[in-house]
Each structure stands twice: as structure tokens, then as C-alpha cells.
Number of protein chains: 2
Amino acid sequence: MKTPAFLVDRNIVEQNCARMRDKALASGVAFRPHVKTHKTVEIARMQHGGALGPITVSTLAEAEFFAEAGFEDITYAVPIAPEKLDRAAALARKIETLNLLLDSDSALQALEEHGGKFDVFLKVDCGYHRAGVNPDSPDSVRLAQAIAGSPSVRFNGLLTHAGHSYDAKSVEEIRRVAAQETGALTRFRSKLTMPNLIRSAGSTPTMSVVDRFEDVDEVRPGNYVFYDAFQATIGSCTRADVAVSVLATVVGSYPERGQAIIDAGALALSKDLGPNHLDPKFGYGLVCDLDLRPLPMRLVALSQEHGKLEASPPPAVGTQLRIMPNHSCLTAAMYDVYDVIDHGRLVGEWRPCRGW
Amino acid sequence: MKTPAFLVDRNIVEQNCARMRDKALASGVAFRPHVKTHKTVEIARMQHGGALGPITVSTLAEAEFFAEAGFEDITYAVPIAPEKLDRAAALARKIETLNLLLDSDSALQALEEHGGKFDVFLKVDCGYHRAGVNPDSPDSVRLAQAIAGSPSVRFNGLLTHAGHSYDAKSVEEIRRVAAQETGALTRFRSKLTMPNLIRSAGSTPTMSVVDRFEDVDEVRPGNYVFYDAFQATIGSCTRADVAVSVLATVVGSYPERGQAIIDAGALALSKDLGPNHLDPKFGYGLVCDLDLRPLPMRLVALSQEHGKLEASPPPAVGTQLRIMPNHSCLTAAMYDVYDVIDHGRLVGEWRPCRGW
């Protein structure tokens with residue numbers, strides 16, 4: 001197989017998909033998994049046990065791609081930009097439901113000025129402080145009431161993302177974030193006069209560590225299909241749950257300085273620093289042998305097409321290695337084609353959606 | 001124009017291309033620019049004043065792509081992996097010259113075992129300590145003599161890359177690295193009995209700050225076609241020389257915490273940390289207005305499709321910004337299409353080569 005290559009272990013993906021879906025079913029909550037990690041029709045179907053079901057996307061390009069493949073109920077989980085409304089409206093006319101996200105008066109006004117009728121969720125900040133309204137602010141209640149009263153929208157629910165679960169240093173800490181995530185939605189909804197608003201939550205760490213989804217109506221995890229070295233380090237999964245790796249070849253070996261060069265650099269792995277809040281020397285991915293057993297080697301630097309390993313002795317030129325990526329979403333996005341493996345054998349290719 | 005978008009200012013690219021080419025011509029050295037930064041046929045031709053000329057590539061996919069477009073003299077400037085020899089040999093049969101790179105006995109042995117006759121350069125380490133042989137080691141002289149004596153290769157020259165120029169904190173420091181770069185090649189060649197070996201050097205910082213190329217036979221800069229916020233900060237260029245930016249839209253604005261969210265995240269910018277050795281708070285790109293004037297805003301965090309800005313007051317939802325990327329090679333590689341602009345107007349699209 002040529003290198004670098006992005007290997008996806010089909011059996012592990014299937015296991016990860018089944019485990020999360022089963023938990024959602026057993027918990028009696030709606031399941032709307034995110035597809036941004038893999039961006040493929042094949043895995044989106046696996047997330048729903050082979051069927052077409054509700055999904056979450058991170059770009060309008062994904063929304064259009066999955067709509068074309070038959071997915072009819074899509075939430076675009078980034079606050080809508082006014083300049084994207086024409087495109088969103090065109091897609092909304094083609095499928096059953098396209099939920100848009102907003103968190104400001106100005107976005108609501110843009111929807112109203114555009115005309116038509118949009119399905120919307122209000123983004124709530126549960127402590128990550130990226131996007132979303134403060135659930136404890138009276139201004140947020142006023143915005144919710146304005147959305148509810150607008151003739152231009154159907155107000156379907158409240159949506160949050162506990163991205164700060166990625167800062168956690170232990171499973172206990174992830175569990176505390178999980179409680180914040182659902183707590184923020186429930187607390188905010190209790191201040192509103194719309195009791196049927198869906199409470200939608202989602203982050204792979206929080207969704208992975210809880211035994212059951214409680215105090216929430218819909219869940220939207222995404223990274224769990226692949227997991228990665230980061231998730232295994234903070235405790236969202238075990239290393240055996242990580243379904244993806246980058247196959248690389250050693251192209252230079254320098255015993256005198258205890259280093260080697262592989263043909264997987266920043267374009268093959270991404271420059272995500274991984275769990276460096278837990279280990280500042282973690283490096284740009286976990287270096288493993290062909291059976292995915294970790295090796296005593298660190299990937300200390302990446303340039304465009306070179307990855308620099310430290311190891312004593314370094315592996316010889318021609319040696320093949322598998323790198324468990326730090327952040328599978330970003331690594332997957334570097335590839336036009338995924339090489340699908342089953343018990344180590346290449347069994348197919350999957351092509352992700354790309355661009356915006 | 002939809003966002004995020006990768007804007008390429010055609011006039012600035014032309015100026016950057018002409019300046020470097022003129023310097024090479026005036027210096028009387030061979031010019032073999034790297035095409036890995038842009039990966040487009042359009043800019044590769046601009047690098048040679050509109051013609052097809054010798055180029056340097058970072059992947060075999062690029063080599064095949066540019067060969068298909070008529071480029072007949074190509075150096076693949078990453079040490080060759082044994083598993084790539086069949087593919088390299090197939091391409092070498094189609095064009096005038098495909099130079100491969102090696103820096104080990106084991107790679108030479110792999111070439112000999114493969115059969116055929118390859119054009120090669122020996123990679124020399126001039127202080128970057130990524131790939132290459134130590135120019136001051138007797139082992140390196142022995143390897144060079146073995147290459148010269150091998151029936152399987154034509155030994156064309158010595159090649160180095162002063163990647164450590166990127167660690168420089170001043171133009172003076174870059175000049176010192178430039179002297180190391182050419183000095184290592186000349187010193188090493190003087191120990192060999194092959195006086196006609198081409199000395200090939202290349203890094204955009206070193207090639208940009210010298211007034212004339214001396215003590216070298218061939219130059220291979222690449223990033224200079226675009227430059228970026230990093231190069232402007234260390235002094236390789238001015239900000240006015242930076243030809244590329246990412247157009248983004250503000251999708252969330254949070255005056256109460258002095259923050260905003262744009263629709264350009266890690267997939268639109270890459271997570272390169274830029275000149276953080278000079279400014280640890282530089283952020284993930286230089287935030288500018290639509291006329292590329294820097295704004296008092298910092299891009300402090302990137303997730304997959306969100307960029308988080310700090311600014312007081314933050315820009316309003318719907319505002320468009322241009323982000324000067326930290327590392328244009330990595331940012332360009334995130335796009336399937338570049339939007340080409342001329343005096344701010346969209347005039348075309350260029351499509352880069354992708355993959356490996």
C-alpha cells in the first residue's frame with residue numbers, strides 16, 4: 001500500500017457506532033450523530049445501524065453531500081452566517097428538515113429579512129465559551145422569546161456542545177462537564193415558556209463516559225466513530241477503540257542523533273498537538289508498529305511532508321509504521337480517499353465530502 | 001463570495017515570482033523553484049516567467065501532476081522510500097529527468113536492487129537536522145564515493161535545505177543560516193573527487209534575504225510565491241508581499257466576553273502556530289480587514305470549523321475579515337480550489353494537485 005495512507009478499520013468503526021447507538025436507544029433519547037469526523041456516506045449509515053437517520057453536519061457542503069445521499073433530517077451545527085442563507089434555503093426546500101443554528105438578534109433579523117421559514121435551534125453556551133448564549137442571562141431568555149415569536153422560524157430546540165470536555169484531565173472531570181452540558185440546557189429551558197423545546201447535547205468525551213444519557217432529549221457525538229490518541233489519553237475510550245491510523249514509511253534513519261524521518265508530515269497528520277495538556281512531550285501522534293502496538297518513539301516535529309521521530313535506535317529506512325493520530329477529525333480531512341481495512345487487509349476505499 | 005475561501009492575489013504572486021527569478025538569473029545560478037506551496041500549473045509557469053522549467057516537488061503525486069502538464073525536469077526533494085521506486089521509475093521513463101534524493105547506504109542499495117538507472121542527489125544536512133548526511137563525517141564521504149561508483153545511478157549533485165532558517169529571530173540570523181547552507185555544500189564537495197556535482201540549496205528565508213546567490217549552483221525556494229504571516233514576521237518579506245489570505249465571515253459575536261467566532265477553523269487555516277517563537281500570543285493567523293489592514297484582534301483558538309477571535313468590541317455577525325495565514329503551504333493544502341483575485345475582484349479559479 002502506498003504511503004502515507006489513512007487506514008480505517010471497518011470492524012472497529014462498526015463497534016464504535018453500535019455501542020453509541022445502543023446507548024442512545026437504551027436511554028430513550030433521539031440520536032443525531034455528527035458526521036464531520038468521517039464525512040462519508042458509508043459511516044453515516046453505520047451510525048444508524050445501516051439506515052438513513054437524522055445527522056449533524058459542520059458545513060453546508062456536508063449538508064448538501066448527505067442530502068444527495070438520501071439523508072432528509074440534518075442539523076447544521078455552526079451558527080449560520082447571513083451570507084449562507086440563500087444556499088441553506090435552497091437545500092431546506094429539498095429535504096424534510098434542515099435545522100439552522102443561531103445565537104444572536106442579528107442572526108434572527110437576517111433570517112426574518114431573508115423571508116421563508118427556517119427550522120432553528122438556539123445555541124446555548126454550557127461553559128465552553130466558543131459560541132452560544134449565556135443560559136443564566138436575562139438577554140438569552142429575551143432572545144429565546146423573540147425566536148419563539150418570529151413568523152420566520154420554527155423554534156425546535158436548544159443546542160449545546162461541551163467542547164471544554166477536551167480540556168479534561170480525567171474521566172471524573174469529563175463526568176463533571178457532562179453534568180454541566182445537560183444542566184445548562186435544562187436550567188435554561190425551565191426559564192422559558194416553550195416546554196417542548198428539544199435539549200440537544202453532544203461531545204464525544206461526555207457522551208462516551210456516561211453510562212446512560214439523562215436529562216437530555218437528543219445526542220450528537222461525532223468523533224467516537226474513529227476516536228484517536230487524544231480521546232484514548234483523556235479516557236473517552238481505550239486505545240483498542242481507535243479505528244484509524246496513518247501508515248507511513250521511514251525514509252531516513254540517523255542513529256548518530258537518535259532520529260528518523262517518515263513520509264508522513266503535517267499534510268498527512270495535521271499539526272494538532274494532541275493531549276499536550278496532559279503530556280507536553282506527547283508529540284504529533286502515537287507511533288505504533290503494524291499491529292498498532294505503541295513503540296518507544298516520539299514524533300517530535302512535522303514539516304509539510306516529513307515527520308521527525310526520536311528513537312534509540314531509530315527504525316531502518318523502509319520500515320513501515322502506523323501513527324495513531326492525535327485528532328482524527330483533522331487527520332481524516334487531509335485525505336481524499338480512506339483505505340478501509342478488515343483484519344489488516346485492504347477491502348475498499350471510502351471518499352469523504354470536502355470543502356465548504 | 002462564499003466563505004471560507006482561499007484568496008490568491010495574482011499580481012502579488014507575479015511580483016514575488018519575478019523578483020526571485022530575476023535574482024537567480026542575475027546571480028548566474030540555475031533556478032529550480034519548489035512548487036509544493038501552491039501545487040498549481042499556473043503558478044509553476046509564473047515561477048519561470050511563463051515557461052516550463054526545472055521544478056522541485058515534495059510528493060510523487062506532484063511529480064506526476066506537473067509531468068502531465070509538460071514539466072520535464074523534476075527533483076523529488078524528500079528521501080526516496082524503497083516502496084516508491086516502481087512508481088518513480090515509471091515516471092522517470094516519461095520525462096527528461098527525475099532526480100531522486102537519498103542519504104543512506106540502504107537507499108542506495110534499494111536503488112541498485114531495483115535495477116534501471118536513476119538520477120540522484122545526495123541530501124546533506126546543513127544544520128537543520130531533519131534529513132541529510134553530516135557534511136563533516138567521513139561516513140558521508142564514503143557514501144558519496146559509493147554513489148559515484150554505483151552503476152545504478154547518475155550522481156548529479158548535493159542538495160540541502162536550511163529549514164532552521166525558520167527558527168531565526170532576525171534577518172541577521174537568517175543571513176547566518178544562509179551562509180551555513182551554502183557553506184555546508186561547498187565544504188562537503190571539496191572533500192570529494194567529483195568537482196562537477198551541483199550544489200543545490202533552498203529555503204525561502206535564506207533565499208529572500210540575500211541580495212545575490214553566491215557559492216551555490218542551483219536554488220530551490222518555494223514559499224516565496226505566497227509568503228505568509230510567519231515570513232513577514234521573521235523578515236523574509238514585508239506584509240505587502242503576502243499574496244494569500246482566507247476570507248471568513250463572523251458567525252457569532254459576544255461583546256460581554258470580548259470574543260467573536262468566524263467560519264474559518266482548523267480546516268480552513270491549519271493549526272500551524274506561526275511565529276510563536278517571537279510572539280507566543282501571535283495566534284492562528286493575522287486578522288485583517290477586507291483591504292488586508294491588520295486589526296486589533298487575535299485568533300486565539302481553532303476548532304474544526306470555528307475560529308475564536310478576541311477583540312473589544314468584537315466584530316458584528318456578518319462582518320467579513322481576511323486572515324493572513326501563518327503558514328501558506330499548509331493553508332493552501334486545505335483547499336481544492338483557490339479563488340484568484342486581481343485588485344480585489346475575483347478573476348478565476350486555480351486547482352492544486354492533492355494527495356500523495
# chains A, B, ... in the order shown; residues from 1 in each chain; ligands from 1
call {"tool": "interface_residues", "arguments": {"of": "chain A", "to": "chain B", "cutoff": "8 Å", "atoms": "only C-alpha atoms", "output": "MDAnalysis selection string"}}
result
chainID A and resid 2:4 58:59 78:84 103:104 106:107 130:132 249:253 261 266:267 270:272 304:306 308 317:318 329:330 333:336 355:356
call {"tool": "residues_around", "arguments": {"residues": "B:Ser203", "least_positions_apart": "4", "cutoff": "8 Å", "atoms": "only C-alpha atoms", "output": "list in words"}}
result
His161, Ala162, Gly163, Ser165, Met207, Arg220, Pro221 and Gly222 of chain B
call {"tool": "residues_around", "arguments": {"residues": "A:Ser190", "least_positions_apart": "4", "cutoff": "12 Å", "atoms": "only C-alpha atoms", "output": "ChimeraX atom specification"}}
result
/A:135-136,141,144,158,183-186,194-197,199
call {"tool": "residues_around", "arguments": {"residues": "B:Arg239", "least_positions_apart": "3", "cutoff": "10 Å", "atoms": "only C-alpha atoms", "output": "JSON list (two decimals) with N, CA and C atoms, in the first residue's frame"}}
result
[["chain", "number", "residue", "atom", "x", "y", "z"],
["B", 227, "TYR", "N", 4.43, 33.72, 0.32],
["B", 227, "TYR", "CA", 4.82, 34.18, 1.65],
["B", 227, "TYR", "C", 3.64, 34.01, 2.63],
["B", 228, "ASP", "N", 3.77, 34.52, 3.85],
["B", 228, "ASP", "CA", 2.70, 34.37, 4.84],
["B", 228, "ASP", "C", 3.04, 35.20, 6.07],
["B", 229, "ALA", "N", 2.19, 35.12, 7.08],
["B", 229, "ALA", "CA", 2.39, 35.95, 8.28],
["B", 229, "ALA", "C", 3.69, 35.58, 8.99],
["B", 230, "PHE", "N", 4.06, 34.31, 8.93],
["B", 230, "PHE", "CA", 5.32, 33.88, 9.55],
["B", 230, "PHE", "C", 6.51, 34.54, 8.86],
["B", 231, "GLN", "N", 6.56, 34.45, 7.54],
["B", 231, "GLN", "CA", 7.70, 35.00, 6.79],
["B", 231, "GLN", "C", 7.78, 36.52, 6.99],
["B", 232, "ALA", "N", 6.63, 37.18, 7.03],
["B", 232, "ALA", "CA", 6.64, 38.64, 7.22],
["B", 232, "ALA", "C", 7.13, 38.99, 8.62],
["B", 233, "THR", "N", 6.89, 38.11, 9.58],
["B", 233, "THR", "CA", 7.29, 38.39, 10.96],
["B", 233, "THR", "C", 8.79, 38.17, 11.16],
["B", 235, "GLY", "N", 11.00, 38.39, 8.81],
["B", 235, "GLY", "CA", 11.75, 39.35, 7.98],
["B", 235, "GLY", "C", 12.12, 38.86, 6.60],
["B", 236, "SER", "N", 11.54, 37.73, 6.15],
["B", 236, "SER", "CA", 11.80, 37.27, 4.78],
["B", 236, "SER", "C", 11.15, 38.18, 3.76],
["B", 242, "VAL", "N", 2.73, 39.46, 0.97],
["B", 242, "VAL", "CA", 1.96, 38.23, 1.22],
["B", 242, "VAL", "C", 0.78, 38.19, 0.25],
["B", 243, "ALA", "N", 0.74, 37.14, -0.57],
["B", 243, "ALA", "CA", -0.21, 37.08, -1.69],
["B", 243, "ALA", "C", -1.51, 36.37, -1.36],
["B", 292, "LEU", "N", -6.85, 44.12, 3.82],
["B", 292, "LEU", "CA", -5.66, 43.49, 4.40],
["B", 292, "LEU", "C", -4.89, 44.39, 5.36],
["B", 293, "ARG", "N", -5.62, 45.32, 6.00],
["B", 293, "ARG", "CA", -5.00, 46.11, 7.07],
["B", 293, "ARG", "C", -5.20, 45.35, 8.37],
["B", 294, "PRO", "N", -4.13, 45.09, 9.13],
["B", 294, "PRO", "CA", -4.27, 44.34, 10.39],
["B", 294, "PRO", "C", -5.22, 45.03, 11.36],
["B", 324, "MET", "N", -4.56, 36.58, 7.27],
["B", 324, "MET", "CA", -3.28, 36.28, 6.63],
["B", 324, "MET", "C", -2.76, 35.02, 7.32]]
call {"tool": "atom_distance", "arguments": {"atom1": "atom CA of A:Pro352", "atom2": "atom CA of A:Arg10"}}
result
15.0 Å
call {"tool": "decode", "arguments": {"residues": "stretch 111-122 of chain A", "atoms": "N, CA, C and O atoms", "output": "PDB file, in the first residue's frame"}}
result
ATOM      1  N   LEU A 111     -32.509  36.145   9.283  1.00  0.00           N
ATOM      2  CA  LEU A 111     -33.467  35.115   8.860  1.00  0.00           C
ATOM      3  C   LEU A 111     -34.790  35.770   8.474  1.00  0.00           C
ATOM      4  O   LEU A 111     -35.419  35.410   7.476  1.00  0.00           O
ATOM      5  N   GLU A 112     -35.214  36.745   9.298  1.00  0.00           N
ATOM      6  CA  GLU A 112     -36.500  37.396   9.033  1.00  0.00           C
ATOM      7  C   GLU A 112     -36.450  38.210   7.742  1.00  0.00           C
ATOM      8  O   GLU A 112     -37.408  38.218   6.964  1.00  0.00           O
ATOM      9  N   GLU A 113     -35.324  38.882   7.523  1.00  0.00           N
ATOM     10  CA  GLU A 113     -35.208  39.685   6.303  1.00  0.00           C
ATOM     11  C   GLU A 113     -35.121  38.806   5.060  1.00  0.00           C
ATOM     12  O   GLU A 113     -35.511  39.209   3.969  1.00  0.00           O
ATOM     13  N   HIS A 114     -34.598  37.591   5.238  1.00  0.00           N
ATOM     14  CA  HIS A 114     -34.456  36.699   4.091  1.00  0.00           C
ATOM     15  C   HIS A 114     -35.803  36.221   3.590  1.00  0.00           C
ATOM     16  O   HIS A 114     -36.002  36.033   2.378  1.00  0.00           O
ATOM     17  N   GLY A 115     -36.752  36.059   4.503  1.00  0.00           N
ATOM     18  CA  GLY A 115     -38.051  35.514   4.110  1.00  0.00           C
ATOM     19  C   GLY A 115     -38.032  34.008   4.171  1.00  0.00           C
ATOM     20  O   GLY A 115     -37.000  33.387   4.421  1.00  0.00           O
ATOM     21  N   GLY A 116     -39.179  33.404   3.932  1.00  0.00           N
ATOM     22  CA  GLY A 116     -39.279  31.951   4.047  1.00  0.00           C
ATOM     23  C   GLY A 116     -39.419  31.569   5.501  1.00  0.00           C
ATOM     24  O   GLY A 116     -39.679  32.425   6.373  1.00  0.00           O
ATOM     25  N   LYS A 117     -39.298  30.300   5.796  1.00  0.00           N
ATOM     26  CA  LYS A 117     -39.450  29.803   7.164  1.00  0.00           C
ATOM     27  C   LYS A 117     -38.359  28.787   7.432  1.00  0.00           C
ATOM     28  O   LYS A 117     -38.229  27.794   6.714  1.00  0.00           O
ATOM     29  N   PHE A 118     -37.556  29.056   8.445  1.00  0.00           N
ATOM     30  CA  PHE A 118     -36.416  28.192   8.752  1.00  0.00           C
ATOM     31  C   PHE A 118     -36.657  27.413  10.041  1.00  0.00           C
ATOM     32  O   PHE A 118     -37.232  27.953  10.998  1.00  0.00           O
ATOM     33  N   ASP A 119     -36.176  26.180  10.072  1.00  0.00           N
ATOM     34  CA  ASP A 119     -36.123  25.422  11.330  1.00  0.00           C
ATOM     35  C   ASP A 119     -34.859  25.845  12.064  1.00  0.00           C
ATOM     36  O   ASP A 119     -33.772  25.850  11.481  1.00  0.00           O
ATOM     37  N   VAL A 120     -35.012  26.183  13.352  1.00  0.00           N
ATOM     38  CA  VAL A 120     -33.825  26.652  14.073  1.00  0.00           C
ATOM     39  C   VAL A 120     -33.692  26.031  15.461  1.00  0.00           C
ATOM     40  O   VAL A 120     -34.673  25.618  16.090  1.00  0.00           O
ATOM     41  N   PHE A 121     -32.439  25.991  15.906  1.00  0.00           N
ATOM     42  CA  PHE A 121     -32.074  25.718  17.288  1.00  0.00           C
ATOM     43  C   PHE A 121     -31.354  26.955  17.806  1.00  0.00           C
ATOM     44  O   PHE A 121     -30.644  27.627  17.054  1.00  0.00           O
ATOM     45  N   LEU A 122     -31.546  27.229  19.078  1.00  0.00           N
ATOM     46  CA  LEU A 122     -30.788  28.301  19.730  1.00  0.00           C
ATOM     47  C   LEU A 122     -29.555  27.666  20.377  1.00  0.00           C
ATOM     48  O   LEU A 122     -29.666  26.701  21.139  1.00  0.00           O
TER      49      LEU A 122
END
